[in-house]
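model08.txt follows; it contains compact mmCIF, C-alpha atoms.
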```
# COMPACT_ATOMS: atom_id res chain seq x y z
CA MET A 1121 0.00 0.00 0.00
CA SER A 1122 1.56 3.26 -1.08
CA GLN A 1123 1.41 6.42 0.98
CA SER A 1124 -0.34 8.82 -1.33
CA LEU A 1125 -3.02 11.37 -0.53
CA ASN A 1126 -5.70 9.07 -1.94
CA SER A 1127 -4.75 6.16 0.33
CA TYR A 1128 -5.12 8.37 3.40
CA LEU A 1129 -8.44 9.69 2.11
CA LEU A 1130 -9.58 6.09 1.57
CA ILE A 1131 -8.74 5.15 5.17
CA SER A 1132 -10.49 8.27 6.41
CA ALA A 1133 -13.60 7.55 4.31
CA ALA A 1134 -13.69 3.99 5.69
CA LEU A 1135 -13.45 5.27 9.27
CA PHE A 1136 -16.17 7.86 8.61
CA SER A 1137 -18.50 5.26 7.11
CA LEU A 1138 -17.91 2.89 10.03
CA GLY A 1139 -18.76 5.78 12.36
CA ILE A 1140 -21.98 6.53 10.46
CA TYR A 1141 -22.90 2.83 10.59
CA GLY A 1142 -22.25 2.67 14.33
CA LEU A 1143 -24.22 5.84 14.96
CA LEU A 1144 -27.26 4.43 13.15
CA ALA A 1145 -27.05 0.81 14.28
CA ARG A 1146 -26.31 1.26 17.97
CA ARG A 1147 -29.05 1.98 20.51
CA ASN A 1148 -26.65 2.32 23.41
CA LEU A 1149 -25.63 5.91 24.20
CA ILE A 1150 -22.00 5.03 24.92
CA GLY A 1151 -21.86 3.06 21.66
CA MET A 1152 -23.07 6.13 19.79
CA LEU A 1153 -20.44 8.25 21.52
CA ILE A 1154 -17.78 5.78 20.32
CA ALA A 1155 -19.09 6.13 16.75
CA ILE A 1156 -18.89 9.94 17.03
CA GLU A 1157 -15.26 9.61 18.16
CA LEU A 1158 -14.53 7.60 15.00
CA ILE A 1159 -16.13 10.28 12.81
CA LEU A 1160 -14.12 13.07 14.49
CA ASN A 1161 -10.91 11.09 14.08
CA ALA A 1162 -11.66 10.55 10.39
CA ALA A 1163 -11.95 14.33 10.01
CA SER A 1164 -8.70 14.78 11.90
CA LEU A 1165 -6.90 12.29 9.64
CA ASN A 1166 -8.26 14.11 6.59
CA PHE A 1167 -6.97 17.45 7.86
CA LEU A 1168 -3.51 16.03 8.53
CA ALA A 1169 -3.35 14.26 5.15
CA PHE A 1170 -4.28 17.43 3.27
CA ASN A 1171 -1.84 19.29 5.51
CA LYS A 1172 1.04 17.06 4.43
CA PHE A 1173 0.31 16.82 0.72
CA LEU A 1174 -1.46 20.03 -0.30
CA SER A 1175 -1.31 22.78 2.32
CA PRO A 1176 0.97 25.76 1.64
CA ASP A 1177 1.71 26.15 5.35
CA LYS A 1178 2.35 22.88 7.19
CA GLY A 1179 0.98 24.22 10.49
CA TRP A 1180 -2.64 24.88 9.48
CA GLY A 1181 -3.90 21.31 9.42
CA GLN A 1182 -2.21 20.58 12.74
CA VAL A 1183 -3.94 23.58 14.35
CA PHE A 1184 -7.28 22.25 13.11
CA SER A 1185 -6.51 18.81 14.53
CA ILE A 1186 -5.72 20.32 17.92
CA PHE A 1187 -9.10 22.07 17.88
CA ILE A 1188 -10.82 18.80 16.94
CA ILE A 1189 -9.16 17.01 19.86
CA GLY A 1190 -10.20 19.81 22.24
CA LEU A 1191 -13.80 19.76 21.02
CA ALA A 1192 -13.91 15.95 21.29
CA ALA A 1193 -12.77 16.17 24.90
CA ALA A 1194 -15.52 18.71 25.69
CA GLU A 1195 -18.13 16.61 23.89
CA VAL A 1196 -17.16 13.43 25.75
CA ALA A 1197 -17.22 15.21 29.12
CA ILE A 1198 -20.76 16.49 28.53
CA GLY A 1199 -21.95 13.25 26.91
CA LEU A 1200 -20.69 11.01 29.69
CA SER A 1201 -22.20 13.21 32.40
CA ILE A 1202 -25.57 13.10 30.61
CA ILE A 1203 -25.26 9.31 30.36
CA LEU A 1204 -24.50 9.04 34.09
CA TYR A 1205 -27.46 11.28 34.88
CA LEU A 1206 -29.78 9.16 32.72
CA SER A 1207 -28.56 5.87 34.15
CA ARG A 1208 -29.11 7.19 37.68
CA GLY A 1209 -32.60 8.48 36.92
CA SER A 1210 -34.14 5.92 34.59
CA LYS A 1211 -31.74 2.94 35.01
CA THR A 1212 -31.16 2.66 31.26
CA ILE A 1213 -28.86 4.10 28.62
CA ASN A 1214 -30.80 2.78 25.65
CA ILE A 1215 -31.98 5.81 23.70
CA GLU A 1216 -35.30 4.23 22.77
CA ASP A 1217 -36.25 4.10 26.45
CA VAL A 1218 -35.12 7.66 27.11
CA ASN A 1219 -38.01 9.72 25.86
CA LYS A 1220 -38.46 12.28 28.58
CA LEU A 1221 -36.55 15.53 28.47
CA LYS A 1222 -37.83 16.68 31.84
CA GLY A 1223 -35.79 14.76 34.35
CA MET B 665 10.07 -1.05 1.83
CA ILE B 666 9.79 -1.80 5.55
CA SER B 667 8.03 1.54 5.96
CA GLU B 668 5.34 0.42 3.52
CA ILE B 669 4.80 -2.87 5.36
CA VAL B 670 4.47 -1.11 8.72
CA PHE B 671 2.09 1.39 7.15
CA GLY B 672 -0.09 -1.43 5.81
CA LEU B 673 -0.12 -3.16 9.19
CA LEU B 674 -1.10 0.09 10.91
CA VAL B 675 -3.95 0.61 8.46
CA ILE B 676 -5.18 -2.94 9.09
CA ILE B 677 -4.97 -2.46 12.89
CA THR B 678 -6.82 0.86 12.70
CA LEU B 679 -9.63 -0.37 10.47
CA ALA B 680 -10.01 -3.65 12.36
CA GLY B 681 -10.20 -1.75 15.67
CA ALA B 682 -12.78 0.64 14.24
CA PHE B 683 -14.80 -2.24 12.82
CA CYS B 684 -14.82 -4.07 16.17
CA ALA B 685 -15.67 -0.82 17.97
CA VAL B 686 -18.95 -0.47 16.06
CA THR B 687 -19.93 -4.13 15.77
CA LEU B 688 -19.04 -5.91 19.02
CA LYS B 689 -22.00 -6.62 21.28
CA ARG B 690 -20.44 -5.91 24.65
CA ILE B 691 -19.87 -2.18 25.00
CA PHE B 692 -16.79 -2.67 27.16
CA TYR B 693 -14.99 -4.60 24.38
CA SER B 694 -15.95 -1.97 21.85
CA ILE B 695 -14.34 0.73 24.02
CA LEU B 696 -11.16 -1.36 24.13
CA SER B 697 -11.17 -1.77 20.35
CA LEU B 698 -11.79 1.97 19.97
CA ILE B 699 -8.59 2.50 21.95
CA VAL B 700 -6.74 0.15 19.56
CA ALA B 701 -8.09 2.11 16.57
CA LEU B 702 -7.09 5.44 18.12
CA PHE B 703 -3.58 4.14 18.76
CA GLY B 704 -3.28 3.03 15.14
CA LEU B 705 -4.43 6.48 14.05
CA ALA B 706 -1.81 8.10 16.28
CA CYS B 707 0.85 6.01 14.50
CA LEU B 708 -0.57 7.11 11.13
CA PHE B 709 -0.25 10.74 12.28
CA ILE B 710 3.47 10.13 12.74
CA TYR B 711 3.58 9.02 9.08
CA LEU B 712 2.00 12.39 8.25
CA ASN B 713 4.90 14.22 9.99
CA SER B 714 2.59 15.46 12.79
CA GLU B 715 4.37 14.00 15.81
CA PHE B 716 2.90 16.54 18.22
CA ILE B 717 -0.66 15.65 17.21
CA ALA B 718 0.19 11.95 17.56
CA VAL B 719 1.39 12.47 21.15
CA MET B 720 -1.69 14.60 21.90
CA GLN B 721 -3.88 11.85 20.45
CA VAL B 722 -2.35 9.28 22.80
CA ILE B 723 -2.55 11.57 25.85
CA VAL B 724 -5.99 13.07 25.34
CA TYR B 725 -7.89 10.31 23.52
CA ILE B 726 -6.40 7.15 25.00
CA GLY B 727 -5.36 8.60 28.34
CA ALA B 728 -8.37 10.77 29.13
CA ILE B 729 -11.33 9.95 26.88
CA GLY B 730 -10.80 6.18 26.88
CA VAL B 731 -10.48 6.04 30.64
CA ALA B 732 -13.48 8.34 31.12
CA MET B 733 -15.58 6.07 28.89
CA ILE B 734 -14.51 2.99 30.83
CA PHE B 735 -15.46 4.80 34.05
CA ALA B 736 -18.86 5.69 32.63
CA ILE B 737 -19.53 2.11 31.51
CA MET B 738 -18.56 0.80 34.93
CA LEU B 739 -20.83 3.30 36.68
CA SER B 740 -23.85 3.08 34.39
CA ALA B 741 -24.19 -0.39 32.85
CA PRO B 742 -22.78 -3.26 34.86
CA ALA B 743 -21.36 -6.21 32.94
CA THR B 744 -24.08 -8.46 34.33
CA GLN B 745 -26.80 -6.50 32.56
CA LYS B 746 -28.40 -8.58 29.82
CA LEU B 747 -27.55 -7.78 26.23
CA GLN B 748 -30.33 -6.37 24.15
CA GLU B 749 -31.57 -8.13 21.04
CA ARG B 750 -30.56 -6.71 17.69
CA ASN B 751 -32.97 -5.72 15.01
CA SER B 752 -31.43 -7.16 11.83
CA LYS B 753 -33.51 -4.94 9.55
CA LYS B 754 -32.19 -1.82 11.28
CA ILE B 755 -28.62 -3.13 11.11
CA PHE B 756 -29.02 -3.75 7.39
CA LYS B 757 -30.34 -0.23 6.80
CA ALA B 758 -27.49 1.31 8.81
CA ALA B 759 -24.93 -0.74 6.85
CA ALA B 760 -26.52 0.39 3.57
CA VAL B 761 -26.25 4.07 4.59
CA GLY B 762 -22.64 3.60 5.70
CA LEU B 763 -21.74 1.86 2.43
CA LEU B 764 -23.44 4.64 0.47
CA PHE B 765 -21.34 7.25 2.28
CA PHE B 766 -18.16 5.26 1.61
CA VAL B 767 -18.85 4.83 -2.11
CA GLY B 768 -19.86 8.48 -2.48
CA LEU B 769 -16.80 9.85 -0.71
CA THR B 770 -14.47 7.52 -2.61
CA ARG B 771 -15.95 8.53 -5.96
CA ILE B 772 -15.62 12.21 -5.07
CA PHE B 773 -11.97 12.18 -4.11
CA TRP B 774 -10.92 9.69 -6.77
CA ARG B 775 -12.14 11.97 -9.53
CA THR B 776 -10.76 15.20 -8.12
CA VAL B 777 -7.45 16.52 -9.41
CA TRP B 778 -5.76 18.20 -6.48
CA PRO B 779 -3.77 21.34 -7.36
CA ALA B 780 -0.29 21.61 -5.89
CA PRO B 781 0.21 24.62 -3.61
CA ALA B 782 2.15 27.60 -4.97
CA VAL B 783 3.99 28.63 -1.80
CA LYS B 784 5.35 26.06 0.59
CA ILE B 785 6.38 26.46 4.20
CA ASP B 786 7.79 23.05 5.08
CA ASP B 787 7.80 23.62 8.82
CA PHE B 788 6.11 20.85 10.82
CA SER B 789 7.74 21.94 14.09
CA VAL B 790 5.94 22.59 17.37
CA LYS B 791 7.52 26.05 17.43
CA HIS B 792 5.76 27.00 14.21
CA LEU B 793 2.53 25.48 15.59
CA GLY B 794 2.77 27.61 18.75
CA GLU B 795 3.35 30.74 16.69
CA LEU B 796 0.29 29.96 14.60
CA LEU B 797 -1.88 29.34 17.68
CA LEU B 798 -0.82 32.39 19.65
CA ALA B 799 -0.03 34.92 16.91
CA GLN B 800 -2.25 34.07 13.94
CA TYR B 801 -5.29 32.40 15.52
CA PRO B 802 -5.47 33.67 19.13
CA LEU B 803 -9.25 34.13 19.00
CA ALA B 804 -9.89 30.46 18.11
CA PHE B 805 -7.46 29.45 20.84
CA GLU B 806 -9.31 31.52 23.45
CA VAL B 807 -12.72 30.29 22.27
CA ILE B 808 -11.68 26.63 22.54
CA SER B 809 -10.44 27.21 26.09
CA LEU B 810 -13.78 28.86 26.95
CA VAL B 811 -15.64 25.90 25.41
CA LEU B 812 -13.61 23.47 27.53
CA LEU B 813 -14.28 25.50 30.68
CA VAL B 814 -18.03 25.63 30.02
CA ALA B 815 -18.05 21.91 29.20
CA ILE B 816 -16.35 21.02 32.47
CA LEU B 817 -18.74 23.23 34.48
CA GLY B 818 -21.70 21.77 32.61
CA ALA B 819 -20.50 18.22 33.21
CA ILE B 820 -20.24 18.88 36.96
CA LEU B 821 -23.65 20.56 37.02
CA ILE B 822 -25.42 17.78 35.08
CA SER B 823 -23.92 14.82 36.92
CA ARG B 824 -24.29 16.38 40.38
CA ASP B 825 -26.42 14.26 42.69
CA THR B 826 -29.47 16.39 43.40
CA GLY B 827 -31.61 13.65 44.90
CA THR B 828 -30.50 14.05 48.51
```
Would it be possible to restate this file's structure as structure tokens?
Amino acid sequence: MSQSLNSYLLISAALFSLGIYGLLARRNLIGMLIAIELILNAASLNFLAFNKFLSPDKGWGQVFSIFIIGLAAAEVAIGLSIILYLSRGSKTINIEDVNKLKG
Amino acid sequence: MISEIVFGLLVIITLAGAFCAVTLKRIFYSILSLIVALFGLACLFIYLNSEFIAVMQVIVYIGAIGVAMIFAIMLSAPATQKLQERNSKKIFKAAAVGLLFFVGLTRIFWRTVWPAPAVKIDDFSVKHLGELLLAQYPLAFEVISLVLLVAILGAILISRDTGT
């Protein structure tokens, strides 16, 4: 397997599609969070691949990746605390059983 | 030559980890395979000359997010809880949508002719990265720190035990 831009884009597309599949197929909230992590990492890989092969300034893509990592950390912190809250209140983290917004 | 073989192995590890992360039934195993996939991605980032991002990936994703997810699974869904049945029709639909995305994305980037950049600053160093963050994009840097602060406060507020 050669290291060209297209091979990285292919890996990233595969990761993104796996993330989409997981997001749609899973009914467990933590499973969906895992799928979102895969999607964000596919975006990060895309940014770094374009950064290496096409970007005029080799720092831009890395800055974007840092922001993606920061946002993923924030998203996981909020998501996990919501999951803990739900599991304490309704004893389930299956999204089809969580249909009340008012806790 | 050896670089190509290692690259191929890393790609296989990453994709296999990602595949297990979305398909395994037990959520604990899928978190572990997500960690494998993230580690493979960190190694791929080294191939893309972004060593700093690779180290950050290992520290933040594997060290913090992976452990936080394992904590959440331990606190919310005990391993003794029975596994839910899977709806095969829904799985098939989800796989079809995922495949559609993959084919569409592949077609798009395979047909595109990427133009080579005119100017080139071949500086992958952390020094250059710090200059970009603090001199060229300080507003984005400040906003992301504010987002993290609000997220941490929100996480504490949401998961606080209000029952007693």
I want to know what sits within 6 Å of region 1134-1141 of chain A, based on all atoms listed in the file, with residues of the same chain fewer than 5 positions away left out; could you give that as a PyMOL selection string?
(chain A and resi 1155+1158-1159+1162) or (chain B and resi 758-759+762+765-766)
Using 8 Å as the limit and counting all atoms listed in the file, can you tabulate each residue of chain A that touches region 706-727 of chain B, with its shortest atom-to-atom distance in Å and the two atoms involved, as a tab-separated table?
```
residue	atom	partner	partner_atom	distance
A:Leu1165	CA	B:Phe709	CA	7.3
A:Leu1168	CA	B:Leu712	CA	6.6
A:Ala1169	CA	B:Leu712	CA	6.5
A:Lys1172	CA	B:Leu712	CA	6.1
A:Gln1182	CA	B:Ile717	CA	6.8
A:Ser1185	CA	B:Ile717	CA	7.2
A:Ile1186	CA	B:Ile717	CA	6.9
A:Ile1189	CA	B:Gln721	CA	7.4
A:Ala1193	CA	B:Val724	CA	7.5
```
My list of candidates is A:Ile1198, A:Gly1209, A:Leu1160, A:Leu1125. Which is closest to chain B when distances are computed with only C-alpha atoms?
A:Ile1198
From B:Pro779, B:Ser697, B:Glu668, B:Asn751, residue lying nearest Arg1147 (chain A) [all atoms listed in the file]:
B:Asn751
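Computed from the coordinates, the CA of Leu764 (chain B) to CA of Ala680 (chain B) distance equals 19.8 Å.
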Which residue out of A:Leu1129, A:Val1196, A:Leu1174, A:Val1218 has the minimum interatomic distance to Leu1153 (chain A) when all atoms listed in the file are used?
A:Val1196
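What separates CA of Ala819 (chain B) from CA of Gly1190 (chain A) is a distance of 15.1 Å.
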With only C-alpha atoms as the counted atoms, please give the residues lying no more than 9 Å from His792 (chain B), apart from itself and same-chain residues fewer than 5 positions off, as a PyMOL selection string.
(chain A and resi 1178-1179) or (chain B and resi 787+797)
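For the residues B:Val767, B:Leu803, B:Met738, B:Ile755, ranking by smallest atom-to-atom distance to chain A using all atoms listed in the file places B:Ile755 first.
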Within 7 Å of Gly704 (chain B) using all atoms listed in the file, minus same-chain residues under 4 positions, as a list in words:
Leu674, Ile677, Thr678, Val700 and Leu708 of chain B
